[in-house]
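Q: Attaching a single structure in structure tokens format; questions to follow.
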Amino acid sequence: MKSIFLLSLNKLKKILAFIDRDDKMIIALNNKCNFKIEEFLTYQQELNKIVDNNLIVLCPTSLYLSVAKLDNIKLGAQNTSCTKEGAYTGEISASQLKSLNVEYCIVGHSERRKNQKESNEEIKEKITRLLEENITPILCVGETKEEREKKQVEQILREELAILNDINDKERIIIAYEPIWSIGTGLIPSNTEIKEVINLIKTNYPSNKVLYGGSANEKNIDELKKIREIDGYLIGGMSLHPEKIQEFLQKLKK
Ligand code: PGA
């Protein structure tokens, strides 16, 4: 009798954990290359005042990962090395991130694909290193304006996501759809366009969480949240303003 009770209690706990996990939106804050140390510490204090049920992940500049003291917020990095620890000047390995309690890491952001000429092969290596350390990769994918106009969105996404095909445990990867022309510009695709792409990703990778990123903010969240398929947001510009984050989260709740 007691063991039946324990069994059902365990089952119930699992179900509750599942519901809890699935209800939560993932809000990843990408600070990019912003803040001096004093500014970051003040910002962090403000951020710690936020009370919210969603899963919030802060990705500060790598320099500040070791001074991050977050209450209800998870720690993420903006990049990692393709290599393990060793003679790689200037690199930061996934195992070093892990030692700083980093649980998430952005990979393949379009700014790095463009400025550092990161290839899909390198991005795949980074994902592998992160998964070895049990860090959740947030893989960014998305098209340029020109590619959208040429109706190449599907093809671009297929190419960028193809690296997942021979990764074991790929369902642990969070995919962030970020139309490049939308990042930092204030321009966003229509809800129908976003929905189309998210559905395309989910058809091919049904077990992965999919975020939207690109000028998401406290002003357009009322419209964006109508897209039920979105599992969360990757936020750049707005991430620098705790009061706007607060407003965004309030609106997301309603
Ligand atoms: P944005 O940046 O919100 O400023 O457009 C998003 C991102 O680059 O991840």
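In the structure tokens, the first chain shown is A, the next is B, and so on; residue numbers restart at 1 for each chain, and ligands run from 1 in the order shown.
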Within 8 Å of ligand 1, counting only C-alpha atoms and all ligand atoms: which residues, as a list of chain:residue names?

A: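 Residues satisfying the distance criterion: A:Leu29, A:Asn30, A:Lys32, A:His109, A:Ser110, A:Glu111, A:Glu178, A:Ser182, A:Ile183, A:Gly184, A:Thr185, A:Gly186, A:Gly213, A:Gly214, A:Ser215, A:Ala216, A:Asn217, A:Leu234, A:Ile235, A:Gly236, A:Gly237, A:Met238, A:Ser239.
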
Q: Give me, as a PyMOL selection string, all polymer residues having an atom no more than 8 Å from Gly76 (chain A), counting only C-alpha atoms and skipping those fewer than 5 positions away in the same chain.

A: chain A and resi 57-60+102-106

Q: Skip Asn168 (chain A) itself and residues of its chain fewer than 3 positions away, then list as a PyMOL selection string all residues within 10 Å of it, counting only C-alpha atoms.

A: chain A and resi 128+131+164-165+171-172

Q: Between A:Ala28, A:Tyr64, A:Asn204, A:Asp71, which residue has the minimum interatomic distance to Pro137 (chain A), considering only C-alpha atoms?

A: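 Looking only at the distances to Pro137 (chain A), the closest residue turns out to be A:Ala28.
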
Q: Give me, as a PyMOL selection string, all polymer residues having an atom no more than 12 Å from Ser99 (chain A), counting only C-alpha atoms and skipping those fewer than 2 positions away in the same chain.

A: chain A and resi 65-66+75+92-97+101-103+133-135

Q: Now that the selection is made, can you save its residues with all heavy atoms as a compact mmCIF listing (two decimals), in the first residue's frame?

A:
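Final output, out_20.txt:
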```
# COMPACT_ATOMS: atom_id res chain seq x y z
N LEU A 65 30.81 37.11 -16.16
CA LEU A 65 30.22 35.83 -15.73
C LEU A 65 30.66 35.49 -14.31
O LEU A 65 29.91 34.93 -13.53
CB LEU A 65 30.63 34.71 -16.69
CG LEU A 65 29.99 34.75 -18.08
CD1 LEU A 65 30.67 33.75 -19.01
CD2 LEU A 65 28.49 34.45 -17.99
N SER A 66 31.91 35.86 -13.99
CA SER A 66 32.42 35.47 -12.67
C SER A 66 31.94 36.38 -11.55
O SER A 66 32.12 36.07 -10.38
CB SER A 66 33.95 35.40 -12.68
OG SER A 66 34.45 36.64 -13.06
N LEU A 75 22.19 31.73 -15.47
CA LEU A 75 23.33 32.39 -16.11
C LEU A 75 23.61 31.76 -17.47
O LEU A 75 23.66 30.53 -17.62
CB LEU A 75 24.55 32.26 -15.19
CG LEU A 75 25.78 33.07 -15.57
CD1 LEU A 75 25.47 34.57 -15.66
CD2 LEU A 75 26.91 32.84 -14.57
N ILE A 92 37.54 30.80 -24.49
CA ILE A 92 36.89 30.42 -23.22
C ILE A 92 36.17 29.10 -23.46
O ILE A 92 35.27 29.02 -24.31
CB ILE A 92 35.88 31.50 -22.77
CG1 ILE A 92 36.60 32.85 -22.56
CG2 ILE A 92 35.17 31.08 -21.49
CD1 ILE A 92 35.69 34.01 -22.27
N SER A 93 36.61 28.06 -22.76
CA SER A 93 36.06 26.73 -23.03
C SER A 93 34.73 26.51 -22.32
O SER A 93 34.43 27.17 -21.32
CB SER A 93 37.05 25.65 -22.59
OG SER A 93 37.08 25.60 -21.18
N ALA A 94 34.00 25.53 -22.83
CA ALA A 94 32.71 25.19 -22.20
C ALA A 94 32.93 24.72 -20.76
O ALA A 94 32.12 25.01 -19.88
CB ALA A 94 32.01 24.13 -23.03
N SER A 95 34.04 24.00 -20.52
CA SER A 95 34.28 23.52 -19.14
C SER A 95 34.56 24.69 -18.20
O SER A 95 34.19 24.66 -17.02
CB SER A 95 35.43 22.51 -19.12
OG SER A 95 36.57 23.08 -19.68
N GLN A 96 35.20 25.75 -18.73
CA GLN A 96 35.43 26.95 -17.89
C GLN A 96 34.10 27.65 -17.60
O GLN A 96 33.87 28.11 -16.49
CB GLN A 96 36.40 27.90 -18.59
CG GLN A 96 37.81 27.36 -18.63
CD GLN A 96 38.74 28.24 -19.45
OE1 GLN A 96 38.40 28.66 -20.56
NE2 GLN A 96 39.91 28.52 -18.91
N LEU A 97 33.23 27.70 -18.62
CA LEU A 97 31.90 28.28 -18.40
C LEU A 97 31.17 27.50 -17.31
O LEU A 97 30.57 28.06 -16.41
CB LEU A 97 31.08 28.28 -19.69
CG LEU A 97 31.58 29.16 -20.85
CD1 LEU A 97 30.66 29.00 -22.06
CD2 LEU A 97 31.64 30.62 -20.43
N ASN A 101 29.23 28.17 -13.26
CA ASN A 101 27.78 27.91 -13.13
C ASN A 101 26.95 28.40 -14.32
O ASN A 101 25.77 28.72 -14.18
CB ASN A 101 27.20 28.52 -11.85
CG ASN A 101 27.87 27.96 -10.63
OD1 ASN A 101 28.11 26.75 -10.56
ND2 ASN A 101 28.22 28.82 -9.69
N VAL A 102 27.58 28.47 -15.47
CA VAL A 102 26.84 28.83 -16.68
C VAL A 102 26.00 27.63 -17.10
O VAL A 102 26.50 26.51 -17.18
CB VAL A 102 27.81 29.24 -17.81
CG1 VAL A 102 27.11 29.34 -19.15
CG2 VAL A 102 28.47 30.57 -17.45
N GLU A 103 24.71 27.88 -17.35
CA GLU A 103 23.81 26.78 -17.72
C GLU A 103 23.34 26.85 -19.17
O GLU A 103 22.80 25.89 -19.70
CB GLU A 103 22.58 26.77 -16.80
CG GLU A 103 22.92 26.43 -15.35
CD GLU A 103 21.68 26.43 -14.48
OE1 GLU A 103 20.84 25.55 -14.63
OE2 GLU A 103 21.57 27.35 -13.65
N GLU A 133 29.41 19.41 -21.53
CA GLU A 133 29.45 20.02 -20.20
C GLU A 133 28.06 20.22 -19.61
O GLU A 133 27.89 20.91 -18.61
CB GLU A 133 30.17 21.37 -20.26
CG GLU A 133 31.62 21.29 -20.67
CD GLU A 133 32.48 20.48 -19.71
OE1 GLU A 133 32.16 20.44 -18.52
OE2 GLU A 133 33.47 19.89 -20.18
N ASN A 134 27.07 19.68 -20.32
CA ASN A 134 25.70 19.82 -19.82
C ASN A 134 25.21 21.27 -19.79
O ASN A 134 24.46 21.66 -18.91
CB ASN A 134 25.63 19.21 -18.43
CG ASN A 134 24.34 18.45 -18.25
OD1 ASN A 134 23.52 18.42 -19.18
ND2 ASN A 134 24.15 17.88 -17.09
N ILE A 135 25.69 22.05 -20.73
CA ILE A 135 25.23 23.45 -20.88
C ILE A 135 24.27 23.47 -22.06
O ILE A 135 24.55 22.86 -23.10
CB ILE A 135 26.42 24.40 -21.14
CG1 ILE A 135 27.37 24.41 -19.93
CG2 ILE A 135 25.94 25.82 -21.45
CD1 ILE A 135 28.65 25.21 -20.12
```

Q: Could you jot down the CA of Leu55 (chain A) to CA of Ile173 (chain A) separation for me, Å, one decimal place?

A: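 Separation between CA of Leu55 (chain A) and CA of Ile173 (chain A): 15.2 Å.
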
Q: What gap, in Å, lies between CA of Glu143 (chain A) and CA of Ile245 (chain A)?

A: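 Separation of CA of Glu143 (chain A) and CA of Ile245 (chain A): 26.1 Å.
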
Q: When DSSP works through the backbone of this structure, what residues of region 5-112 of chain A end up as helix (DSSP H, G or I), shown as a PyMOL selection string?

A: chain A and resi 5-23+37-47+62-67+94-99+110-112

Q: Within 6 Å of Ile27 (chain A), counting only C-alpha atoms, which residues qualify if same-chain residues fewer than 5 places away don't, as a list in words?

A: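 Surrounding residues, per the criterion: Ile56, Gly232 and Tyr233 of chain A.
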
Q: Can you list, as a VMD selection string, all residues belonging to region 35-252 of chain A that DSSP tags as strand (DSSP E or B)?

A: chain A and resid 55 to 59 74 to 77 104 to 107 136 to 141 174 to 177 210 to 213 232 to 235

Q: Residues at most 12 Å from Gly90 (chain A), counting only C-alpha atoms, excluding those fewer than 2 positions away in the same chain, as a list in words?

A: Ser62, Leu63, Thr80, Ser81, Thr83, Glu85, Gly86, Ala87, Tyr88, Ile92 and Ser93 of chain A

Q: Quick one: residues within 10 Å of His241 (chain A), only C-alpha atoms counted, chain neighbours fewer than 4 positions away excluded, as a compact mmCIF listing (two decimals) with all heavy atoms, in the first residue's frame?

A:
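Full text of around34.txt as output:
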```txt
# COMPACT_ATOMS: atom_id res chain seq x y z
N ASN A 31 23.06 40.67 -23.41
CA ASN A 31 23.61 42.01 -23.17
C ASN A 31 24.61 42.44 -24.25
O ASN A 31 25.01 43.60 -24.28
CB ASN A 31 24.34 42.06 -21.82
CG ASN A 31 23.41 42.15 -20.63
OD1 ASN A 31 23.87 42.07 -19.48
ND2 ASN A 31 22.13 42.29 -20.86
N TYR A 43 23.04 47.25 -12.70
CA TYR A 43 22.03 46.59 -13.55
C TYR A 43 21.61 45.26 -12.92
O TYR A 43 20.43 44.94 -12.82
CB TYR A 43 22.67 46.37 -14.92
CG TYR A 43 22.00 45.39 -15.84
CD1 TYR A 43 20.89 45.77 -16.59
CD2 TYR A 43 22.49 44.08 -15.98
CE1 TYR A 43 20.28 44.86 -17.46
CE2 TYR A 43 21.88 43.18 -16.84
CZ TYR A 43 20.78 43.58 -17.58
OH TYR A 43 20.18 42.70 -18.44
N GLU A 46 19.24 45.63 -10.07
CA GLU A 46 17.89 45.93 -10.56
C GLU A 46 17.21 44.66 -11.08
O GLU A 46 16.05 44.41 -10.82
CB GLU A 46 17.93 46.98 -11.68
CG GLU A 46 18.30 48.37 -11.21
CD GLU A 46 17.40 48.86 -10.09
OE1 GLU A 46 16.18 48.82 -10.27
OE2 GLU A 46 17.92 49.24 -9.02
N LEU A 47 17.98 43.89 -11.81
CA LEU A 47 17.45 42.66 -12.41
C LEU A 47 17.00 41.67 -11.32
O LEU A 47 16.00 40.98 -11.47
CB LEU A 47 18.55 42.02 -13.26
CG LEU A 47 18.16 41.42 -14.59
CD1 LEU A 47 17.37 42.39 -15.45
CD2 LEU A 47 19.40 40.97 -15.34
N GLY A 237 18.52 44.56 -27.39
CA GLY A 237 18.40 45.96 -26.95
C GLY A 237 17.64 46.15 -25.64
O GLY A 237 18.14 46.81 -24.72
N ILE A 245 12.15 45.38 -19.16
CA ILE A 245 12.02 43.92 -19.03
C ILE A 245 10.81 43.62 -18.14
O ILE A 245 9.99 42.76 -18.44
CB ILE A 245 13.30 43.28 -18.41
CG1 ILE A 245 14.51 43.55 -19.29
CG2 ILE A 245 13.12 41.78 -18.19
CD1 ILE A 245 15.84 43.17 -18.67
N GLN A 246 10.72 44.38 -17.06
CA GLN A 246 9.61 44.24 -16.11
C GLN A 246 8.26 44.43 -16.82
O GLN A 246 7.34 43.63 -16.66
CB GLN A 246 9.80 45.31 -15.01
CG GLN A 246 8.88 45.21 -13.84
CD GLN A 246 9.35 44.15 -12.86
OE1 GLN A 246 8.89 43.04 -12.98
NE2 GLN A 246 10.24 44.49 -11.94
```

Q: Looking at only C-alpha atoms, which of A:Ile221, A:Asp169, A:Ile138, A:Ile201 is the one that sits closest to Ile156 (chain A)?

A: A:Ile201

Q: Record the distance separating CA of Ser119 (chain A) and CA of Glu132 (chain A), expressed in Å with one decimal.

A: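 Taking CA of Ser119 (chain A) and CA of Glu132 (chain A), their separation equals 20.2 Å.
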
Q: Using only C-alpha atoms, which of the listed residues (A:Val153, A:Cys140, A:Ile230, A:Leu224) sits closest to Lys251 (chain A)?

A: A:Leu224

Q: From the set A:Ser190, A:Asn199, A:Thr89, A:Gln250, which residue has the shortest atom-to-atom contact distance to Glu229 (chain A), counting only C-alpha atoms?

A: A:Asn199
